[in-house]
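Printed here is upload32.txt (compact mmCIF, C-alpha atoms):
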# COMPACT_ATOMS: atom_id res chain seq x y z
CA MET V 36 -3.16 -5.58 7.15
CA ALA V 37 -0.62 -8.34 7.58
CA TRP V 38 -1.36 -10.72 10.47
CA VAL V 39 -4.56 -8.78 11.25
CA ALA V 40 -6.61 -9.14 8.09
CA GLU V 41 -7.16 -12.88 8.07
CA TYR V 42 -10.27 -14.82 7.05
CA HIS V 43 -12.41 -14.19 10.15
CA LEU V 44 -12.14 -10.44 9.78
CA ALA V 45 -12.44 -10.46 6.01
CA ALA V 46 -15.56 -12.64 6.11
CA ALA V 47 -17.15 -10.53 8.87
CA VAL V 48 -16.55 -7.34 6.87
CA SER V 49 -18.05 -8.85 3.73
CA ASN V 50 -21.03 -10.20 5.63
CA ALA V 51 -21.62 -6.74 7.05
CA GLY V 52 -21.74 -5.22 3.57
CA GLY V 53 -18.15 -4.20 3.05
CA LEU V 54 -15.50 -5.82 0.88
CA GLY V 55 -13.33 -7.85 3.22
CA LEU V 56 -9.69 -8.27 2.35
CA ILE V 57 -7.19 -10.91 3.45
CA GLY V 58 -3.74 -9.42 3.82
CA THR V 59 -1.31 -12.03 2.49
CA ALA V 60 1.90 -10.09 3.30
CA SER V 61 4.85 -12.53 3.10
CA ALA V 62 2.83 -15.66 3.69
CA PRO V 63 3.36 -18.69 1.46
CA ALA V 64 0.82 -19.69 -1.17
CA GLU V 65 -0.63 -22.61 0.78
CA TRP V 66 -1.46 -20.38 3.74
CA VAL V 67 -3.26 -18.03 1.38
CA ARG V 68 -5.15 -20.89 -0.24
CA GLU V 69 -6.29 -22.10 3.18
CA GLN V 70 -7.40 -18.58 4.17
CA ILE V 71 -9.48 -18.20 1.02
CA ARG V 72 -11.17 -21.56 1.50
CA GLU V 73 -11.96 -20.83 5.15
CA ALA V 74 -13.34 -17.40 4.26
CA LYS V 75 -15.66 -19.00 1.72
CA LYS V 76 -17.07 -21.18 4.50
CA LEU V 77 -18.00 -18.07 6.49
CA THR V 78 -19.31 -15.84 3.72
CA ASP V 79 -20.79 -16.14 0.26
CA LYS V 80 -20.28 -12.44 -0.36
CA PRO V 81 -17.36 -11.22 -2.47
CA PHE V 82 -14.03 -10.67 -0.74
CA GLY V 83 -10.49 -10.11 -1.88
CA ILE V 84 -6.86 -10.65 -1.06
CA ASN V 85 -4.10 -8.09 -0.83
CA ILE V 86 -0.79 -9.19 -2.34
CA MET V 87 2.50 -7.54 -1.40
CA MET V 88 4.63 -7.31 -4.53
CA ILE V 89 7.87 -7.64 -2.56
CA SER V 90 6.80 -10.95 -1.04
CA PRO V 91 9.08 -13.80 -2.10
CA TYR V 92 5.87 -15.72 -2.77
CA ALA V 93 4.14 -13.08 -4.90
CA ASP V 94 4.22 -15.21 -8.09
CA GLU V 95 2.61 -18.22 -6.43
CA VAL V 96 0.08 -16.20 -4.46
CA ALA V 97 -0.92 -14.40 -7.66
CA LYS V 98 -1.73 -17.81 -9.16
CA VAL V 99 -3.63 -18.94 -6.05
CA ALA V 100 -5.94 -15.94 -6.47
CA VAL V 101 -6.89 -17.34 -9.87
CA GLU V 102 -7.04 -20.99 -8.78
CA GLU V 103 -9.26 -20.28 -5.76
CA GLY V 104 -11.42 -17.71 -7.52
CA VAL V 105 -11.26 -14.58 -5.37
CA ALA V 106 -13.36 -11.65 -6.51
CA VAL V 107 -10.78 -8.92 -6.00
CA VAL V 108 -7.03 -8.54 -5.75
CA THR V 109 -5.50 -5.42 -4.25
CA THR V 110 -1.75 -4.94 -4.37
CA GLY V 111 0.89 -3.02 -2.47
CA ALA V 112 4.63 -2.43 -2.29
CA GLY V 113 5.30 -2.18 -6.01
CA SER V 114 3.75 -2.62 -9.42
CA PRO V 115 1.54 -5.67 -10.14
CA GLU V 116 1.59 -5.10 -13.87
CA LYS V 117 3.00 -8.48 -14.84
CA TYR V 118 0.02 -10.26 -13.25
CA ILE V 119 -2.83 -8.04 -14.38
CA LYS V 120 -3.57 -9.84 -17.64
CA MET V 121 -3.78 -13.22 -15.89
CA TRP V 122 -6.11 -11.85 -13.20
CA LYS V 123 -8.41 -10.08 -15.62
CA GLU V 124 -8.69 -13.16 -17.80
CA ALA V 125 -9.88 -14.97 -14.68
CA GLY V 126 -12.53 -12.32 -14.08
CA ILE V 127 -10.83 -10.86 -11.02
CA LYS V 128 -11.18 -7.15 -10.28
CA VAL V 129 -7.70 -5.61 -9.93
CA ILE V 130 -7.24 -2.69 -7.56
CA PRO V 131 -3.62 -1.58 -7.00
CA VAL V 132 -2.78 0.70 -4.11
CA VAL V 133 -0.95 3.77 -5.39
CA ALA V 134 0.94 6.55 -3.66
CA SER V 135 1.51 8.91 -6.59
CA VAL V 136 -0.17 10.31 -9.68
CA ALA V 137 2.37 8.74 -12.07
CA MET V 138 1.82 5.33 -10.53
CA ALA V 139 -1.94 5.82 -10.78
CA LYS V 140 -1.72 6.64 -14.50
CA ARG V 141 0.50 3.66 -15.10
CA MET V 142 -1.85 1.27 -13.31
CA GLN V 143 -4.80 2.56 -15.32
CA ARG V 144 -2.83 2.01 -18.49
CA CYS V 145 -2.00 -1.53 -17.39
CA GLY V 146 -5.68 -2.35 -17.01
CA ALA V 147 -6.50 -1.75 -13.33
CA ASP V 148 -10.24 -1.69 -12.62
CA ALA V 149 -9.91 0.82 -9.79
CA LEU V 150 -7.23 2.27 -7.53
CA VAL V 151 -6.70 2.77 -3.84
CA ALA V 152 -5.03 6.13 -3.21
CA GLU V 153 -3.61 5.76 0.27
CA GLY V 154 -2.29 8.74 2.17
CA THR V 155 0.45 8.90 4.74
CA GLU V 156 -2.08 8.98 7.60
CA ALA V 157 -2.43 5.23 7.20
CA GLY V 158 -0.85 2.63 9.44
CA GLY V 159 1.91 0.29 8.34
CA HIS V 160 3.92 1.00 5.18
CA ILE V 161 3.20 4.52 4.01
CA GLY V 162 3.91 6.99 1.25
CA GLU V 163 4.78 10.64 1.67
CA ASN V 164 1.64 12.49 0.59
CA THR V 165 -1.49 12.95 2.66
CA THR V 166 -4.89 11.59 1.68
CA MET V 167 -6.10 15.18 1.36
CA VAL V 168 -3.66 16.02 -1.46
CA LEU V 169 -3.21 12.58 -3.02
CA VAL V 170 -6.84 11.66 -3.64
CA PRO V 171 -7.98 14.65 -5.69
CA GLN V 172 -4.81 14.64 -7.78
CA VAL V 173 -5.18 10.95 -8.53
CA VAL V 174 -8.88 11.49 -9.28
CA ASP V 175 -7.93 14.20 -11.78
CA ALA V 176 -5.37 11.95 -13.44
CA VAL V 177 -7.47 8.84 -14.11
CA GLU V 178 -10.95 7.80 -15.26
CA ILE V 179 -11.26 4.62 -13.22
CA PRO V 180 -12.78 4.79 -9.72
CA VAL V 181 -10.51 5.92 -6.90
CA ILE V 182 -10.87 4.51 -3.39
CA ALA V 183 -9.49 6.77 -0.68
CA ALA V 184 -7.52 5.34 2.24
CA GLY V 185 -5.58 6.72 5.16
CA GLY V 186 -7.05 8.56 8.13
CA ILE V 187 -10.68 7.49 7.73
CA ALA V 188 -12.63 6.03 10.65
CA ASP V 189 -16.00 7.77 10.68
CA GLY V 190 -18.68 9.31 8.46
CA ARG V 191 -16.88 12.64 8.28
CA GLY V 192 -13.80 10.98 6.81
CA ILE V 193 -15.93 9.11 4.30
CA ALA V 194 -17.84 12.25 3.33
CA ALA V 195 -14.54 14.11 2.97
CA ALA V 196 -13.20 11.33 0.74
CA PHE V 197 -16.24 11.69 -1.52
CA MET V 198 -15.72 15.48 -1.60
CA LEU V 199 -12.17 14.82 -2.80
CA GLY V 200 -13.55 12.76 -5.67
CA ALA V 201 -13.23 9.24 -4.31
CA GLU V 202 -15.99 6.74 -4.99
CA GLY V 203 -15.19 4.45 -2.09
CA VAL V 204 -13.04 4.17 1.00
CA GLN V 205 -10.62 1.64 2.42
CA ILE V 206 -10.44 1.47 6.20
CA GLY V 207 -7.88 -0.35 8.32
CA THR V 208 -7.28 0.80 11.88
CA ARG V 209 -10.98 1.02 12.76
CA PHE V 210 -11.42 -2.65 11.89
CA VAL V 211 -8.54 -3.79 14.08
CA VAL V 212 -10.62 -2.92 17.12
CA THR V 213 -13.52 -5.24 16.38
CA GLU V 214 -14.79 -8.43 17.99
CA GLU V 215 -13.98 -10.42 14.91
CA ALA V 216 -10.36 -9.28 14.49
CA GLN V 217 -8.11 -12.12 15.65
CA VAL V 218 -5.75 -9.70 17.35
CA HIS V 219 -4.38 -9.78 20.90
CA GLU V 220 -6.37 -7.66 23.34
CA ASN V 221 -3.22 -5.68 24.23
CA TYR V 222 -2.98 -4.44 20.65
CA LYS V 223 -6.63 -3.42 20.55
CA GLU V 224 -6.19 -1.69 23.93
CA CYS V 225 -3.27 0.32 22.54
CA ILE V 226 -5.43 1.65 19.75
CA LEU V 227 -8.29 2.43 22.13
CA LYS V 228 -5.94 4.32 24.45
CA ALA V 229 -4.06 6.11 21.67
CA ARG V 230 -4.36 9.86 21.38
CA ASP V 231 -4.03 11.86 18.18
CA ILE V 232 -0.28 12.41 18.67
CA ASP V 233 0.69 8.83 19.43
CA SER V 234 1.81 7.46 16.09
CA ARG V 235 5.45 7.42 14.99
CA VAL V 236 7.10 6.72 11.66
CA THR V 237 10.15 4.50 11.73
CA GLY V 238 12.37 3.66 8.80
CA ARG V 239 12.29 6.92 6.85
CA SER V 240 16.05 6.57 6.40
CA THR V 241 15.74 3.04 5.00
CA GLY V 242 13.27 4.05 2.32
CA HIS V 243 10.58 1.91 3.95
CA PRO V 244 8.68 4.17 6.32
CA VAL V 245 6.25 2.43 8.66
CA ARG V 246 3.67 4.04 10.94
CA ALA V 247 3.04 2.45 14.33
CA LEU V 248 1.93 3.57 17.79
CA ARG V 249 4.79 4.80 19.87
CA ASN V 250 6.32 2.42 22.38
CA LYS V 251 9.66 1.20 23.70
CA MET V 252 10.61 -0.15 20.27
CA THR V 253 9.84 3.03 18.31
CA LYS V 254 11.70 5.12 20.87
CA GLU V 255 14.82 2.99 20.56
CA TYR V 256 14.49 2.78 16.78
CA LEU V 257 14.19 6.54 16.32
CA GLU V 258 17.11 7.25 18.64
CA LYS V 259 19.30 4.79 16.74
CA GLU V 260 18.10 6.07 13.36
CA GLN V 261 18.96 9.61 14.42
CA ALA V 262 22.43 8.44 15.47
CA GLY V 263 23.03 6.90 12.06
CA ALA V 264 22.57 3.19 12.74
CA THR V 265 22.94 0.74 9.87
CA PHE V 266 20.03 -0.87 8.06
CA GLU V 267 20.84 -4.21 9.75
CA GLU V 268 20.89 -2.72 13.25
CA LEU V 269 17.53 -1.07 12.65
CA GLU V 270 15.98 -4.09 11.00
CA HIS V 271 16.88 -6.14 14.06
CA LEU V 272 14.47 -4.05 16.12
CA THR V 273 11.49 -4.57 13.85
CA LEU V 274 11.94 -8.06 12.42
CA GLY V 275 8.95 -10.14 13.50
CA GLY V 276 7.68 -7.14 15.44
CA LEU V 277 4.19 -7.05 13.98
CA ARG V 278 3.64 -10.72 14.69
CA ARG V 279 4.84 -10.27 18.28
CA ALA V 280 2.38 -7.46 18.81
CA VAL V 281 -0.62 -9.01 17.05
CA VAL V 282 -0.22 -12.64 18.15
CA ASP V 283 1.76 -12.51 21.40
CA GLY V 284 0.50 -9.16 22.65
CA ASP V 285 4.01 -7.80 23.08
CA VAL V 286 3.11 -4.17 22.57
CA GLN V 287 6.28 -2.79 24.12
CA SER V 288 8.93 -4.27 21.89
CA GLY V 289 6.62 -5.33 19.09
CA SER V 290 5.36 -3.19 16.22
CA VAL V 291 1.88 -1.82 16.93
CA MET V 292 1.07 -0.64 13.45
CA ALA V 293 -1.88 1.73 13.27
CA GLY V 294 -2.93 4.88 11.47
CA GLN V 295 -2.98 8.44 12.77
CA ILE V 296 -6.73 8.10 13.20
CA ALA V 297 -6.17 5.67 16.11
CA GLY V 298 -6.85 8.59 18.44
CA MET V 299 -10.46 8.73 17.24
CA ILE V 300 -11.20 5.09 17.99
CA LYS V 301 -12.68 4.76 21.46
CA GLU V 302 -14.76 1.59 21.48
CA LYS V 303 -14.59 -2.01 20.33
CA LEU V 304 -17.51 -2.95 18.09
CA THR V 305 -18.55 -5.77 15.79
CA CYS V 306 -17.84 -5.31 12.09
CA GLN V 307 -21.59 -5.04 11.57
CA GLU V 308 -21.80 -2.18 14.10
CA VAL V 309 -18.81 -0.39 12.56
CA ILE V 310 -20.26 -0.50 9.06
CA GLN V 311 -23.76 0.48 10.15
CA LYS V 312 -22.35 3.42 12.08
CA LEU V 313 -20.14 4.53 9.20
CA VAL V 314 -23.00 4.32 6.72
CA SER V 315 -25.52 6.19 8.86
CA GLN V 316 -23.01 8.91 9.75
CA THR V 317 -22.17 9.37 6.08
CA ASP V 318 -25.85 9.38 5.08
CA GLU V 319 -26.51 12.13 7.63
CA LEU V 320 -23.81 14.29 6.10
CA ILE V 321 -24.08 13.72 2.37
CA GLY V 322 -26.91 11.26 1.81
CA GLY V 323 -29.26 12.09 -1.05
CA LYS V 324 -26.84 14.63 -2.49
CA GLY V 325 -25.86 12.59 -5.49
CA PHE V 326 -22.54 11.20 -4.29
CA TYR V 327 -23.82 7.66 -4.12
CA GLU V 328 -26.99 5.62 -4.43
CA MET W 273 22.03 4.40 -15.53
CA GLY W 274 20.67 1.00 -16.55
CA ARG W 275 20.96 -1.03 -19.72
CA MET W 276 19.21 -0.44 -23.00
CA PRO W 277 16.19 -2.66 -23.64
CA ASP W 278 17.10 -5.92 -25.41
CA GLY W 279 16.76 -5.87 -29.14
CA MET W 280 17.65 -2.23 -29.62
CA VAL W 281 20.80 -1.70 -31.64
CA ASN W 282 21.90 1.88 -32.18
CA SER W 283 24.80 3.67 -33.67
CA ARG W 284 27.23 5.38 -31.31
CA LYS W 285 25.80 8.74 -32.31
CA GLU W 286 22.23 7.64 -31.55
CA ASN W 287 23.37 6.35 -28.17
CA LYS W 288 24.90 9.71 -27.34
CA ILE W 289 21.70 11.52 -28.28
CA MET W 290 19.68 9.08 -26.19
CA LEU W 291 21.95 9.55 -23.17
CA GLU W 292 21.55 13.31 -23.40
CA LYS W 293 17.78 12.94 -23.49
CA VAL W 294 17.85 10.54 -20.54
CA LYS W 295 19.99 12.97 -18.52
CA GLU W 296 17.58 15.77 -19.37
CA ILE W 297 14.62 13.75 -18.13
CA VAL W 298 16.37 12.61 -14.96
CA ALA W 299 17.55 16.14 -14.17
CA GLU W 300 14.03 17.47 -14.53
CA SER W 301 12.40 14.62 -12.63
CA LEU W 302 14.70 14.71 -9.62
CA ASN W 303 15.47 18.41 -9.74
CA VAL W 304 19.23 17.93 -10.04
CA GLU W 305 21.84 19.56 -12.27
CA GLU W 306 22.28 17.78 -15.60
CA SER W 307 26.04 18.34 -15.39
CA THR W 308 26.25 16.07 -12.33
CA LEU W 309 24.83 13.10 -14.22
CA SER W 310 26.77 10.46 -16.10
CA GLU W 311 26.17 7.00 -17.54
CA THR W 312 27.23 5.46 -14.26
CA THR W 313 25.22 7.65 -11.87
CA SER W 314 23.16 5.45 -9.57
CA PHE W 315 19.51 6.45 -9.14
CA LYS W 316 19.27 5.26 -5.56
CA GLU W 317 22.74 5.77 -4.10
CA ASP W 318 23.82 8.95 -5.88
CA LEU W 319 20.51 10.66 -6.51
CA GLY W 320 18.41 9.42 -3.57
CA ALA W 321 15.57 8.37 -5.86
CA ASP W 322 12.85 6.17 -4.40
CA SER W 323 10.40 3.80 -6.03
CA LEU W 324 7.90 6.55 -6.81
CA ASP W 325 10.63 8.62 -8.51
CA LEU W 326 11.36 5.56 -10.64
CA PHE W 327 7.75 5.40 -11.78
CA GLU W 328 7.88 9.03 -12.84
CA MET W 329 11.10 8.60 -14.79
CA VAL W 330 10.09 5.34 -16.46
CA MET W 331 6.90 6.99 -17.71
CA ALA W 332 8.86 9.99 -18.95
CA PHE W 333 11.32 7.70 -20.78
CA GLU W 334 8.43 5.78 -22.34
CA GLU W 335 6.93 8.98 -23.66
CA ALA W 336 10.22 10.43 -24.89
CA PHE W 337 11.41 7.30 -26.67
CA GLU W 338 7.99 5.94 -27.63
CA VAL W 339 8.67 2.55 -26.09
CA GLU W 340 7.01 0.43 -23.44
CA ILE W 341 9.16 -0.44 -20.47
CA HIS W 342 7.87 -3.38 -18.44
CA LEU W 343 8.52 -3.33 -14.72
CA LYS W 344 9.13 -6.53 -12.78
CA THR W 345 7.74 -5.21 -9.47
Would you put the structure from the file into structure tokens?
Amino acid sequence: MAWVAEYHLAAAVSNAGGLGLIGTASAPAEWVREQIREAKKLTDKPFGINIMMISPYADEVAKVAVEEGVAVVTTGAGSPEKYIKMWKEAGIKVIPVVASVAMAKRMQRCGADALVAEGTEAGGHIGENTTMVLVPQVVDAVEIPVIAAGGIADGRGIAAAFMLGAEGVQIGTRFVVTEEAQVHENYKECILKARDIDSRVTGRSTGHPVRALRNKMTKEYLEKEQAGATFEELEHLTLGGLRRAVVDGDVQSGSVMAGQIAGMIKEKLTCQEVIQKLVSQTDELIGGKGFYE
Amino acid sequence: MGRMPDGMVNSRKENKIMLEKVKEIVAESLNVEESTLSETTSFKEDLGADSLDLFEMVMAFEEAFEVEIHLKT
């Protein structure tokens, strides 16, 4: 999660027993290096970084992962295949996010250790297929472990993911509303107040669909998109929007990215509380049934 | 529809056969009529293909021509 998943959150998640991830988005290599070093001061547990393939800094950030010794690299927005050899030689676990079966097969062939199959329920940049249909088809297509993502925020979602064949889950929106997330209170409030029907997808016409909570910006965007606005006109509405929402708290004209599951999230917790709750809810449903140790 | 990988030199006849095979694969992948495809058809602009479609087609080409195609991103 760009701007949201920085070292405080990542370290808190890892300390609580999860695998924290730092979302590097379009940040330059030196920012990423700093984030990794700061995270290591807060946790000695493994954590990872997520690298966006379309970042202009992807090459350098890929090298920083090796230089600073992160345990895991996850990737989005394209194929990471040209970096996989370098990462694996450095002992890094490589986990690309995939949105289709063909991509999953390709990533396995290129040496991925595991995959994240992320459904369209997720917040931010999304694919077309739902978690419900994507996960089992990806599971059928590959031998490496599949981590389900998109629409999961409680034990039922986790249990469902395991039913679909996943061996792990990736969770975003739920962790935005935590004490440790360095996110403006307005943003967290939006998620807390959101109902099930409150997310909108902008940018379907540009080939880069993004899910965010509806607000003044999404309304204007969708009206313009419907009327046939150009890519530049539309981009103008969203450029810098996530930063405005996360850092400045401008949740009216900013981009309040969140998943469809935002409607389920009703309280702010610590990362420790989130993970303990998720684990005990999942245990109650499918514990001792052979899905996990 | 893209250049041939470097280092491959074919006769004109082999090129024609390859193009036919490529058109067959594209038509099947994107569910379009083969007759509407030509060497200059653009995947994105003319056929509305997205990045996931590209993955499908690249893997189909790899299988059909027994080559490895490396993607930049």
Starting from chain W, keep only residues with some atom at most 12 Å from an atom of chain V, counting only C-alpha atoms, and report them as a list of chain:residue names.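 That gives the following set of residues: W:Ser301, W:Lys316, W:Glu317, W:Gly320, W:Ala321, W:Asp322, W:Ser323, W:Leu324, W:Asp325, W:Leu326, W:Phe327, W:Glu328, W:Met329, W:Val330, W:Met331, W:Ala332, W:Glu334, W:Glu335, W:Glu340, W:Ile341, W:His342, W:Leu343, W:Lys344, W:Thr345.
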Could you check how far atom CA of V:Gly111 sits from atom CA of V:Lys251, in Å to one decimal?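 That distance, rounded to one decimal, is 27.9 Å.
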Residues within 10 Å of (-15.3, -19.0, 6.3), file coordinates, counting only C-alpha atoms: what are they? Give the list as an mmCIF file with C-alpha atoms, keeping the file's coordinate frame.
data_model
loop_
_atom_site.group_PDB
_atom_site.id
_atom_site.type_symbol
_atom_site.label_atom_id
_atom_site.label_comp_id
_atom_site.auth_asym_id
_atom_site.auth_seq_id
_atom_site.Cartn_x
_atom_site.Cartn_y
_atom_site.Cartn_z
ATOM 1 C CA TYR V 42 -10.270 -14.820 7.050
ATOM 2 C CA HIS V 43 -12.410 -14.190 10.150
ATOM 3 C CA LEU V 44 -12.140 -10.440 9.780
ATOM 4 C CA ALA V 45 -12.440 -10.460 6.010
ATOM 5 C CA ALA V 46 -15.560 -12.640 6.110
ATOM 6 C CA ALA V 47 -17.150 -10.530 8.870
ATOM 7 C CA GLN V 70 -7.400 -18.580 4.170
ATOM 8 C CA ILE V 71 -9.480 -18.200 1.020
ATOM 9 C CA ARG V 72 -11.170 -21.560 1.500
ATOM 10 C CA GLU V 73 -11.960 -20.830 5.150
ATOM 11 C CA ALA V 74 -13.340 -17.400 4.260
ATOM 12 C CA LYS V 75 -15.660 -19.000 1.720
ATOM 13 C CA LYS V 76 -17.070 -21.180 4.500
ATOM 14 C CA LEU V 77 -18.000 -18.070 6.490
ATOM 15 C CA THR V 78 -19.310 -15.840 3.720
ATOM 16 C CA ASP V 79 -20.790 -16.140 0.260
#
If you count only C-alpha atoms, the residue of W:Glu305, W:Val339, W:Glu311, W:Phe333 closest to W:Lys288 turns out to be W:Glu311
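Here atom CA of V:Ala106 is placed at a distance of 21.1 Å from atom CA of V:Glu153.
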Point-to-point distance from atom CA of V:Val212 to atom CA of V:Leu227, Å rounded to tenths: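 Interatomic distance, atom CA of V:Val212 to atom CA of V:Leu227: 7.7 Å.
Nearest to V:Leu313 of all the residues V:Ile187, V:Ala157, V:Ala40, V:Ile57 is V:Ile187, based on all atoms listed in the file.
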Could you please give me, as a PyMOL selection string, the residues of protein, DNA or RNA lying at most 8 Å from (-11.4, 11.1, 23.5) in the coordinate frame of the file, considering all atoms listed in the file? chain V and resi 230+298-299+301
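Near V:Thr109, within a cut-off of 10 Å and counting all atoms listed in the file, sit the residues Leu56, Ile57, Gly58, Gly83, Ile84, Asn85, Ile86, Met87, Val107, Gly111, Pro115, Lys128, Val129, Ile130, Pro131, Val132, Ala147, Ala149, Leu150 and Val151 of chain V, with same-chain residues fewer than 2 positions away left out.
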At a cut-off of 12 Å, using only C-alpha atoms, what residues contact W:Ser310? Leave out same-chain residues fewer than 2 positions from it and give the result as a PyMOL selection string. chain W and resi 273-274+288+291-296+298-299+305-308+312-315+318-319
